Each structure stands twice: as structure tokens, then as C-alpha cells.
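Colleague: Below is the structure I would like to discuss, written out as C-alpha cells.
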Amino acid sequence: MAEKPSPAVNVESKPYWDACREHKLLLQRTRDGKHFHYPRKFAPGTLSTDWEWVEASGEGTIYSYTIAARGAGPAFAPEAPYVIAIIELKEGCRMLSNIVTKDVTGVKVGQKVKVVWDKLNDEITLPKFEVVA
Amino acid sequence: MSNRTPVIVGVADFPLENGVVAGGGTPLSIIAHSTKEALEECGLELKDVEGLTVAGSWGYPGVGQMMPLTVAEYMGMYPTYMDGTNVGGSSFELHLAKVCMAIEAGYIDTALIAYGSTQRSYSERSLGGRAPAFQAQFETPYGLPQPVGSYAMAARRHMHEFGTTSEDLAWIASNTRQWAALNPMAWNRDELTVKDVLESPMISDPLHLKDCCLVTDGGGAVIVTTLERARNLKTKPIFIKGYGEATDHQQILQMPDLTQTAAAVSGPKAMKMAGVTHKDIDHLMIYDSFTITVLLTIESLGFCQKGEGGAFVRNGRTAPGGEVAMNTNGGGLSYCHPGMYGIFLLIEATRQLRGECGERQVKDAKFSICNGTGGVLSSTGTVVLSNIQ
């Protein structure tokens, strides 16, 4: 079976992935209180370096999603159908992830979700989301 | 300065058999073939071409690298203006804009915009396989089928906000197929009903197989020169009245509003430069990588209000005989889609404005708008063409 692609961790993303291993979802917050994801040394729009890592609540809502009927190549095909979604986090920024569910057709835009953790390998644990009942 | 006005004088698209290059070919041989045809139709020679722009999904030493050099060397030309801007399928609209600026500035007189692809012959496409590096390290590990999954999320959001349906999207595929039936160069020319689209296999919900463009080989060439030079050539010059380009993300996660593309920026810019309003436009060439690409683009360009894209296309409104002449070559959905389709928008618009399109000719077309979309709704290039100065 084809191996799942593992993130190519670099110096900018390492703190994020290190925290994921500890089941902590990190975002960056600028001085004026704006959060951003994905990890960058420079804040988008201002290029400010005046930001701090903060632990996110792990709560959000589904902004949009798709059900992959065929999967993204051989590594994912056996799992199809599965859900990929853009999550609007409570903190205001978005991230892309999977909605972990057996009921893929029950997923809807606007549903509340919370983070769950899925160990991919020794280095990487992926933040994923579940619908909150 | 009017004699330096840039005009399109030569176009060619590469003929395919069942979506592939007959007898085999390379991206370079496709470019050479198309260039030769485009030069021959206007009466220019390769040695007259000073500028070269090219984009594609191949490359040497690496994908996307040094394309103008590779093409120039292969064809035996020595350009003094080069542009390898590669922002996806819209690249060729951007190339045209930049070539116009170079010609108007007096930097060059004549340029070639070129494209070639053998993606179908060599099965170069897959729904997966994007390296999980840079921003994609936060995307690829989740198994987003690319690019269809990104477009599917835009479609889903539009459905959520505006009540757009899969049937609305299916009308786009069905209308476009009717145009393809009138284009002998188009690959898929059989009838395609709304029901056929809805019953085709789901690829990435809500997008069905028939919401997706073809995967073909192909290529083309566009020759641009000054109006002064064009006066002695064989073809009717087509004027580039306005252009605009924009981007607001690379990966779909970072798209600020999944229901609006950067055409909302590039479109008004191009139309303002051209001095036209929507009612002046007789012919639309709207990049159709997926049906949703068209729906979002016509709204973003302002041809209808946000949320009214479904009504704009429903009941054959953009099919032959309908109120709006759109994607008259059969589009990426039914004519061909070699991975970066934008050059075909320019080729078809030029032919329509020359009045060469036979059965599918748009009567008295004076203004055509071409809107390329690249990446995952990530970049747009809008161009307004006309047969009047």
C-alpha cells in the first residue's frame, strides 16, 4: 500500500508540528490580536515579527468541505469516501483538515467541530476534527 | 504612438486525435507546429519574432524552469524579450498583457505567446502527488484531491450561501457541449444533458466527472505585433483593448471568500482600460477547468449579481442560440484541456472577432472578454479584445 505523504517540516513549521505531537494546536497571534495559520516567521500583510505562539481552543465551525469519492492518489484511495474541510477556528483564522466521521453525508457547512489527534508517524501527529454533537 | 498599438495577427491551436497528439510529440514539437501555423497565417517569419513567452507543466532542468530558453533553443530563435510567468492556466492572459506593454514601450515589435503539453499521452496528471512541502505541508497530508477538491469546496460554499445547485452547474457543462458540437476541433461533441452530468460519477462532492474539464494534450500559439506592421500582413488585426491580473491566494485554504475570485479585481481593471461596460461585450471566453470556475467568474466579473450565476446559465442561456455567447469553442470541458487552457481563450476570441468561426460564429461580435483562472481559483487574467480600434 502506498505510504501517506508526511509534512516536509521546515524551520518555520517545526514548532507547530512539535506541539501537535503533544496534542496542542498552535496558532500565531500578532500584537493587535489577529491569529494566523500556517506558521510563518513574518505575519502576513504587515511582515511583522511581533507575534507569539498561542494554543488554540481547538474549536471551530465548518466553512466548507468536500467528500473525496476517489481519494487523492493511491495512498488515500482505500479510505474514500472521506471528508476534507476548511475549518473556521474560534480564534478567527482557518485551517484545512479532515472531518473524522463514518457518516460522510451527514457533514454540513456550519457544523461545530473540535480537534482530535491522529498519529501519522513518530514525527507527525495530524490535527483533525470531529463534529460536536 | 498609434502605430505602435499592439494587435494579435496570428493564432493556431494544435489538432488532436482523441485528445492526444497524433503520431506522438513533445511539448516543444507542439509549440513549433503551432508557431509555424500562426506565423504562416499572417505572413511573418520566425526571424521576425523578438519576444517569446511560454508557460507549461514540463521543464528542463526542472519543471517550470527556463522555459523561454528551452523553447528558443529548440526552435532556433534568439529572443530579446522573454517571459516565463507561470501562475497556472491564466498565464497566457498575463503574457499577452506584458507583451502589449513591451510593444507599446517600443522595446520589441513582435512577440510569440506559446504553449504545449503532452499530459494525456504520458499520464502526467493524478488527483494526488503534490509534494507536502511549503504551504502544502498543511494540505497534502489530508488527502485533498487536487485540483478538483479545492474547486469542490468553493462550489459547496456557494451552494451554502446562495442555494446554487448541482443542476445549475450541470447547465454549464451541457451548454458548453452544444458549442463543442459546432467546433470540428473539439474532442467531445456528443450530446450531454443536465441529467447526464448529474448522473456521472462523483469525483469530489459536489463535483461530478462531467463538471470537470477534459485531460488532453494540446497547445497553441499567438503572434502579437504593432498595428503598423500588421497593415502589410494577411490577417485582420485584433486589438487588445484592456487587461488586468490579480491573485488573492495560492492554496484554497487561504482564499479570502470561496465564492468570489480575483476576477473581481482583474475584470474591472481590464474593462476600465478598454472603456467598455458589460453590455458592450458580445462574446465571453471564461476559463472552465470546472463548471464552478465559470459560475464564480461570471459573478466576479459582474455579468450577474453574486448568487445569480445559476440563473445566468440555466435553461441553455449560454448555449448556441441563447442570450449569451460563452465558451464557443467548447471550452476546457469539451474541446480540450492540456492542463493550462488560457491560450485557447485568446485563440477562440481572435477567431470570433475575425468572423472565421463558421457554424459557431457569433454574429457581429465586436468585443470579447477572456478570463483565465489559474491554480485553484488562485490567479486571474482578464483581457478585452476587439476588432475595432
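Quick note on naming: the chains in the C-alpha cells go A, B, ... in the order shown, residues restart at 1 in each chain, and ligands are numbered from 1 in order of appearance.
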DSSP on the backbone, helix (DSSP H, G or I) only: what residues of chain A does that give? Format it as a ChimeraX atom specification.
Modeller: /A:14-21,77-79,104-106
Colleague: Could the residues in this selection be written to a file with C-alpha atoms, as a PDB file, in the first residue's frame?
Modeller:
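The new file out.pdb reads:
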```pdb
ATOM      1  CA  LYS A  14       8.731  22.828  13.302  1.00  0.00           C
ATOM      2  CA  PRO A  15       7.251  24.450  16.437  1.00  0.00           C
ATOM      3  CA  TYR A  16       3.748  23.777  15.100  1.00  0.00           C
ATOM      4  CA  TRP A  17       4.386  20.111  14.346  1.00  0.00           C
ATOM      5  CA  ASP A  18       6.310  19.628  17.606  1.00  0.00           C
ATOM      6  CA  ALA A  19       3.279  20.924  19.516  1.00  0.00           C
ATOM      7  CA  CYS A  20       0.914  18.707  17.525  1.00  0.00           C
ATOM      8  CA  ARG A  21       2.851  15.713  18.833  1.00  0.00           C
ATOM      9  CA  ALA A  77      -7.932   5.726  -2.252  1.00  0.00           C
ATOM     10  CA  PRO A  78      -8.631   2.895   0.232  1.00  0.00           C
ATOM     11  CA  GLU A  79     -10.151   5.411   2.667  1.00  0.00           C
ATOM     12  CA  VAL A 104     -19.741  11.453   5.441  1.00  0.00           C
ATOM     13  CA  THR A 105     -23.077  12.594   4.024  1.00  0.00           C
ATOM     14  CA  GLY A 106     -24.089  13.909   7.447  1.00  0.00           C
TER      15      GLY A 106
END
```
Colleague: Please build the interface table for chain A against chain B with a cut-off of 8 Å, listing for each qualifying residue the nearest atom pair and the distance in Å to one decimal; count only C-alpha atoms, order rows by chain and increasing number, and write it as JSON lines.
Modeller:
```
{"residue": "A:Lys4", "atom": "CA", "partner": "B:Pro141", "partner_atom": "CA", "distance": 6.9}
{"residue": "A:Pro5", "atom": "CA", "partner": "B:Pro141", "partner_atom": "CA", "distance": 5.4}
{"residue": "A:Ser6", "atom": "CA", "partner": "B:Pro141", "partner_atom": "CA", "distance": 6.0}
{"residue": "A:Pro7", "atom": "CA", "partner": "B:Gln137", "partner_atom": "CA", "distance": 4.5}
{"residue": "A:Ala8", "atom": "CA", "partner": "B:Ala133", "partner_atom": "CA", "distance": 4.9}
{"residue": "A:Val9", "atom": "CA", "partner": "B:Gln137", "partner_atom": "CA", "distance": 7.5}
{"residue": "A:Tyr38", "atom": "CA", "partner": "B:Gln135", "partner_atom": "CA", "distance": 7.1}
{"residue": "A:Tyr63", "atom": "CA", "partner": "B:Arg157", "partner_atom": "CA", "distance": 7.3}
{"residue": "A:Ser64", "atom": "CA", "partner": "B:Arg157", "partner_atom": "CA", "distance": 5.4}
{"residue": "A:Tyr65", "atom": "CA", "partner": "B:Met153", "partner_atom": "CA", "distance": 5.1}
{"residue": "A:Thr66", "atom": "CA", "partner": "B:Asp205", "partner_atom": "CA", "distance": 5.3}
{"residue": "A:Ile67", "atom": "CA", "partner": "B:Asp205", "partner_atom": "CA", "distance": 4.9}
{"residue": "A:Ala68", "atom": "CA", "partner": "B:Ser204", "partner_atom": "CA", "distance": 4.5}
{"residue": "A:Ala69", "atom": "CA", "partner": "B:Ile203", "partner_atom": "CA", "distance": 5.2}
{"residue": "A:Arg70", "atom": "CA", "partner": "B:Ile203", "partner_atom": "CA", "distance": 6.2}
{"residue": "A:Gly71", "atom": "CA", "partner": "B:Pro145", "partner_atom": "CA", "distance": 6.1}
{"residue": "A:Ala72", "atom": "CA", "partner": "B:Gly128", "partner_atom": "CA", "distance": 4.1}
{"residue": "A:Gly73", "atom": "CA", "partner": "B:Gly128", "partner_atom": "CA", "distance": 4.3}
{"residue": "A:Pro74", "atom": "CA", "partner": "B:Gly128", "partner_atom": "CA", "distance": 7.8}
{"residue": "A:Phe76", "atom": "CA", "partner": "B:Gly143", "partner_atom": "CA", "distance": 6.1}
{"residue": "A:Ile84", "atom": "CA", "partner": "B:Leu144", "partner_atom": "CA", "distance": 6.3}
{"residue": "A:Ala85", "atom": "CA", "partner": "B:Met153", "partner_atom": "CA", "distance": 7.7}
{"residue": "A:Ile86", "atom": "CA", "partner": "B:Leu253", "partner_atom": "CA", "distance": 6.5}
{"residue": "A:Arg94", "atom": "CA", "partner": "B:Leu253", "partner_atom": "CA", "distance": 7.0}
{"residue": "A:Met95", "atom": "CA", "partner": "B:Leu253", "partner_atom": "CA", "distance": 6.5}
{"residue": "A:Leu96", "atom": "CA", "partner": "B:Leu253", "partner_atom": "CA", "distance": 6.2}
{"residue": "A:Ser97", "atom": "CA", "partner": "B:Tyr142", "partner_atom": "CA", "distance": 5.9}
{"residue": "A:Asn98", "atom": "CA", "partner": "B:Tyr142", "partner_atom": "CA", "distance": 6.2}
{"residue": "A:Val109", "atom": "CA", "partner": "B:His160", "partner_atom": "CA", "distance": 7.0}
```
Colleague: How would the residues just picked look written out with C-alpha atoms as a compact mmCIF listing (two decimals), in the first residue's frame?
Modeller:
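Final output, saved to out04.txt:
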```txt
# COMPACT_ATOMS: atom_id res chain seq x y z
CA LYS A 4 0.70 8.58 3.13
CA PRO A 5 2.57 11.82 2.47
CA SER A 6 4.16 13.25 5.61
CA PRO A 7 4.64 17.00 6.01
CA ALA A 8 8.06 18.28 4.91
CA VAL A 9 8.79 20.02 8.21
CA TYR A 38 0.01 28.36 8.58
CA TYR A 63 -16.67 26.80 6.49
CA SER A 64 -16.75 24.41 3.54
CA TYR A 65 -15.94 20.80 2.75
CA THR A 66 -15.78 18.17 0.05
CA ILE A 67 -16.29 14.43 0.12
CA ALA A 68 -13.44 12.80 -1.78
CA ALA A 69 -15.12 9.99 -3.67
CA ARG A 70 -11.91 8.59 -5.13
CA GLY A 71 -9.18 9.84 -2.83
CA ALA A 72 -6.05 11.79 -3.63
CA GLY A 73 -3.96 9.12 -5.28
CA PRO A 74 -3.23 5.54 -4.19
CA PHE A 76 -5.77 7.77 0.12
CA ILE A 84 -11.73 17.31 3.73
CA ALA A 85 -12.87 20.59 5.21
CA ILE A 86 -11.88 24.17 5.81
CA ARG A 94 -8.97 28.96 9.11
CA MET A 95 -7.21 25.63 8.71
CA LEU A 96 -7.63 22.68 6.39
CA SER A 97 -8.19 19.25 7.83
CA ASN A 98 -10.31 16.12 7.76
CA VAL A 109 -21.41 23.65 6.42
```
Colleague: Skipping near chain neighbours, those fewer than 6 positions away, what residues fall within 9 Å of Ala97 of chain B using only C-alpha atoms, listed as a compact mmCIF listing (two decimals) with N, CA and C atoms, in the first residue's frame?
Modeller:
```txt
# COMPACT_ATOMS: atom_id res chain seq x y z
N ILE B 240 -6.07 44.61 -28.59
CA ILE B 240 -6.11 44.28 -27.16
C ILE B 240 -6.49 45.57 -26.45
N GLY B 242 -7.88 46.10 -23.35
CA GLY B 242 -7.63 46.27 -21.91
C GLY B 242 -7.22 44.96 -21.28
N TYR B 243 -6.54 45.05 -20.16
CA TYR B 243 -6.12 43.84 -19.45
C TYR B 243 -5.95 44.10 -17.97
N GLY B 244 -6.05 43.04 -17.19
CA GLY B 244 -5.84 43.13 -15.74
C GLY B 244 -5.46 41.77 -15.22
N GLU B 245 -4.71 41.75 -14.13
CA GLU B 245 -4.34 40.48 -13.50
C GLU B 245 -4.44 40.64 -12.00
N GLY B 381 -6.46 36.43 -15.03
CA GLY B 381 -6.00 37.38 -16.03
C GLY B 381 -7.18 37.67 -16.94
N VAL B 383 -8.70 39.86 -20.22
CA VAL B 383 -8.31 40.60 -21.41
C VAL B 383 -9.57 40.95 -22.20
```
Colleague: Enumerate, as a list in words, the complete set of residues in segment 42-80 of chain A that a backbone-based DSSP assignment places in strand (DSSP E).
Modeller: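 Secondary structure check on segment 42-80 of chain A, strand (DSSP E): Trp51, Glu52, Trp53, Val54, Glu55, Glu59, Gly60, Thr61, Ile62, Tyr63, Ser64, Tyr65, Thr66, Ile67 and Ala68 of chain A.
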Colleague: Using only N, CA and C atoms, please write the residues we just selected to a file, as a tab-separated table (two decimals), in the first residue's frame.
Modeller:
```
chain	number	residue	atom	x	y	z
A	51	TRP	N	4.92	38.74	17.03
A	51	TRP	CA	3.80	37.82	17.21
A	51	TRP	C	4.21	36.79	18.25
A	52	GLU	N	3.22	36.06	18.76
A	52	GLU	CA	3.56	35.00	19.72
A	52	GLU	C	2.77	33.74	19.39
A	53	TRP	N	3.35	32.60	19.77
A	53	TRP	CA	2.61	31.34	19.64
A	53	TRP	C	1.54	31.30	20.73
A	54	VAL	N	0.35	30.88	20.37
A	54	VAL	CA	-0.69	30.67	21.38
A	54	VAL	C	-1.36	29.33	21.11
A	55	GLU	N	-1.84	28.70	22.16
A	55	GLU	CA	-2.55	27.43	21.97
A	55	GLU	C	-4.00	27.72	21.61
A	59	GLU	N	-11.57	24.56	18.78
A	59	GLU	CA	-12.99	24.58	18.42
A	59	GLU	C	-13.21	25.46	17.21
A	60	GLY	N	-14.18	25.07	16.41
A	60	GLY	CA	-14.48	25.88	15.23
A	60	GLY	C	-15.74	25.41	14.55
A	61	THR	N	-15.97	25.95	13.35
A	61	THR	CA	-17.11	25.52	12.55
A	61	THR	C	-16.63	25.18	11.14
A	62	ILE	N	-17.43	24.39	10.44
A	62	ILE	CA	-17.08	24.00	9.07
A	62	ILE	C	-17.45	25.14	8.13
A	63	TYR	N	-16.44	25.72	7.47
A	63	TYR	CA	-16.67	26.80	6.49
A	63	TYR	C	-17.06	26.21	5.14
A	64	SER	N	-16.36	25.17	4.73
A	64	SER	CA	-16.75	24.41	3.54
A	64	SER	C	-16.07	23.04	3.60
A	65	TYR	N	-16.51	22.15	2.72
A	65	TYR	CA	-15.94	20.80	2.75
A	65	TYR	C	-16.19	20.14	1.41
A	66	THR	N	-15.48	19.04	1.19
A	66	THR	CA	-15.78	18.17	0.05
A	66	THR	C	-15.67	16.73	0.51
A	67	ILE	N	-16.42	15.85	-0.13
A	67	ILE	CA	-16.29	14.43	0.12
A	67	ILE	C	-15.49	13.85	-1.04
A	68	ALA	N	-14.29	13.39	-0.74
A	68	ALA	CA	-13.44	12.80	-1.78
A	68	ALA	C	-13.98	11.41	-2.10
```
